[in-house]
Structure formats: C-alpha cells, structure tokens
file model14.csv (CSV, C-alpha atoms)
chain,number,residue,atom,x,y,z
A,275,MET,CA,178.5,1.8,120.8
A,276,ALA,CA,177.3,5.4,120.7
A,277,ASP,CA,179.4,8.3,119.5
A,278,LYS,CA,179.9,11.5,121.4
A,279,LYS,CA,177.3,13.2,119.2
A,280,THR,CA,174.5,10.8,120.1
A,281,VAL,CA,175.5,10.0,123.7
A,282,SER,CA,172.5,10.3,126.1
A,283,VAL,CA,174.7,12.5,128.4
A,284,PRO,CA,176.4,15.1,126.2
A,285,PHE,CA,177.8,17.0,129.2
A,286,CYS,CA,179.8,14.0,130.4
A,287,THR,CA,183.4,15.1,131.1
A,288,CYS,CA,184.8,11.7,131.8
A,289,GLY,CA,187.7,11.0,129.4
A,290,ASP,CA,187.9,7.3,130.1
A,291,THR,CA,185.9,6.1,127.1
A,292,SER,CA,187.4,2.6,127.6
A,293,CYS,CA,185.3,2.3,130.8
A,294,PRO,CA,182.2,0.2,130.1
A,295,LEU,CA,180.2,2.5,132.4
A,296,ASN,CA,181.0,5.7,130.4
A,297,PRO,CA,177.8,6.9,128.6
A,298,VAL,CA,179.5,6.7,125.2
A,299,ASN,CA,179.4,2.9,125.6
A,300,HIS,CA,175.7,2.4,126.3
A,301,ASP,CA,172.3,4.2,126.3
A,302,LEU,CA,171.7,4.1,130.1
A,303,GLY,CA,173.1,7.6,130.9
A,304,CYS,CA,174.9,8.2,134.1
A,305,ALA,CA,173.1,5.6,136.2
A,306,PRO,CA,175.6,2.7,135.9
A,307,CYS,CA,178.6,5.0,136.8
A,308,VAL,CA,176.7,6.6,139.7
A,309,ALA,CA,175.6,3.2,141.0
A,310,LYS,CA,179.2,1.9,140.9
A,311,ASN,CA,180.5,5.0,142.6
A,312,LEU,CA,177.9,4.7,145.4
A,313,ARG,CA,178.6,1.1,145.9
A,314,LEU,CA,182.3,1.8,146.3
A,315,GLY,CA,181.9,5.0,148.4
A,316,GLU,CA,183.4,7.1,145.6
A,317,ILE,CA,182.5,10.3,143.8
A,318,PRO,CA,182.1,10.2,140.0
A,319,THR,CA,185.0,11.7,137.9
A,320,CYS,CA,182.7,14.4,136.5
A,321,PHE,CA,182.4,16.0,140.0
A,322,PHE,CA,186.2,16.2,140.2
A,323,ASN,CA,186.5,17.6,136.7
A,324,ALA,CA,183.9,20.2,137.4
A,325,VAL,CA,186.2,21.8,140.1
A,326,GLY,CA,188.8,22.4,137.4
A,327,HIS,CA,191.7,22.1,139.8
A,328,GLU,CA,194.6,19.6,140.0
A,329,LYS,CA,193.6,16.7,142.2
A,330,PRO,CA,195.8,16.6,145.4
A,331,THR,CA,195.2,12.8,145.9
A,332,GLY,CA,195.0,9.7,143.8
A,333,GLY,CA,191.7,8.6,145.1
A,334,TRP,CA,188.0,9.1,144.3
A,335,SER,CA,186.5,9.0,147.8
A,336,ALA,CA,184.3,11.7,149.4
A,337,LYS,CA,187.4,12.6,151.5
A,338,ASP,CA,189.5,13.0,148.3
A,339,PHE,CA,186.8,15.2,146.8
A,340,ALA,CA,186.7,17.3,150.0
A,341,ARG,CA,190.5,17.7,149.8
A,342,LEU,CA,190.2,18.8,146.2
A,343,ILE,CA,187.6,21.4,147.2
A,344,GLU,CA,189.8,22.7,150.1
A,345,SER,CA,192.8,22.9,147.8
A,346,ALA,CA,190.9,24.7,145.1
A,347,GLU,CA,189.5,27.2,147.7
A,348,LYS,CA,193.0,27.8,149.1
A,349,ASP,CA,194.3,28.5,145.7
A,350,GLY,CA,191.4,30.8,144.8
A,351,LYS,CA,190.0,28.6,142.1
A,352,ILE,CA,186.5,28.4,143.6
call {"tool": "encode", "arguments": {"input": "model14.csv", "output": "structure tokens"}}
result
Amino acid sequence: MADKKTVSVPFCTCGDTSCPLNPVNHDLGCAPCVAKNLRLGEIPTCFFNAVGHEKPTGGWSAKDFARLIESAEKDGKI
C-alpha cells in the first residue's frame, strides 16, 4: 500500500482511505474510482469536496452534485 507521500494522485481529497479504490491503496491513480462512479451514475467525492460547502443530500448522483452547486451558489460560496 502506498503512503500519502508516494500516492500517484497527491491532490486526492477523498478521506476514505479504507476504500480499495482510493489512490493510496494502489498505483492506478483515479481510474478505478472514476470507473466505479461512472458505472453507478455517481460523481466522485473529490468533486463534492472541491465545492467546499456542506452537502445538502446524502447521495453522490449528478442530481446531488447539482443540488450542492445550487446550495453553494445561494449561500455565496461559489
């Protein structure tokens, strides 16, 4: 297992290091995570984290991401 210093994606903001798809757990970068999210119709955690606003829903879908963007805009965060 790689450590955060040698991970192939040093900008990864996902805090779920127990996830086998997290780049700290392999040397394949973001590809496994992105592939899983595409397969499930979801948006990767890093996109939600990049907005820097409290998530208004419990889901990870494109609609959930759109709601996050709308909420952040309404609150003047973006």
call {"tool": "atom_distance", "arguments": {"input": "model14.csv", "atom1": "CA of Lys329 (chain A)", "atom2": "CA of Asn299 (chain A)"}}
result
25.8 Å
call {"tool": "atom_distance", "arguments": {"input": "model14.csv", "atom1": "CA of Phe339 (chain A)", "atom2": "CA of His300 (chain A)"}}
result
26.6 Å
call {"tool": "atom_distance", "arguments": {"input": "model14.csv", "atom1": "CA of Ser335 (chain A)", "atom2": "CA of Asp301 (chain A)"}}
result
26.2 Å
call {"tool": "residues_around", "arguments": {"input": "model14.csv", "residues": "region 319-324 of chain A", "least_positions_apart": "3", "cutoff": "10 Å", "atoms": "only C-alpha atoms", "output": "mmCIF file with C-alpha atoms, keeping the file's coordinate frame"}}
result
data_model
loop_
_atom_site.group_PDB
_atom_site.id
_atom_site.type_symbol
_atom_site.label_atom_id
_atom_site.label_comp_id
_atom_site.auth_asym_id
_atom_site.auth_seq_id
_atom_site.Cartn_x
_atom_site.Cartn_y
_atom_site.Cartn_z
ATOM 1 C CA PHE A 285 177.800 17.000 129.200
ATOM 2 C CA CYS A 286 179.800 14.000 130.400
ATOM 3 C CA THR A 287 183.400 15.100 131.100
ATOM 4 C CA CYS A 288 184.800 11.700 131.800
ATOM 5 C CA GLY A 289 187.700 11.000 129.400
ATOM 6 C CA ASP A 290 187.900 7.300 130.100
ATOM 7 C CA CYS A 307 178.600 5.000 136.800
ATOM 8 C CA VAL A 308 176.700 6.600 139.700
ATOM 9 C CA ASN A 311 180.500 5.000 142.600
ATOM 10 C CA GLU A 316 183.400 7.100 145.600
ATOM 11 C CA HIS A 327 191.700 22.100 139.800
ATOM 12 C CA GLU A 328 194.600 19.600 140.000
ATOM 13 C CA LYS A 329 193.600 16.700 142.200
ATOM 14 C CA TRP A 334 188.000 9.100 144.300
ATOM 15 C CA ASP A 338 189.500 13.000 148.300
ATOM 16 C CA PHE A 339 186.800 15.200 146.800
ATOM 17 C CA ALA A 340 186.700 17.300 150.000
ATOM 18 C CA LEU A 342 190.200 18.800 146.200
ATOM 19 C CA ILE A 343 187.600 21.400 147.200
#
call {"tool": "closest_residue", "arguments": {"input": "model14.csv", "among": "A:Pro330, A:Ser345, A:Ser282, A:Ile352", "to": "Asn296 (chain A)", "atoms": "only C-alpha atoms"}}
result
A:Ser282
call {"tool": "closest_residue", "arguments": {"input": "model14.csv", "among": "A:Ala346, A:Ser292, A:Val283, A:Ile317", "to": "Cys304 (chain A)", "atoms": "all atoms listed in the file"}}
result
A:Val283
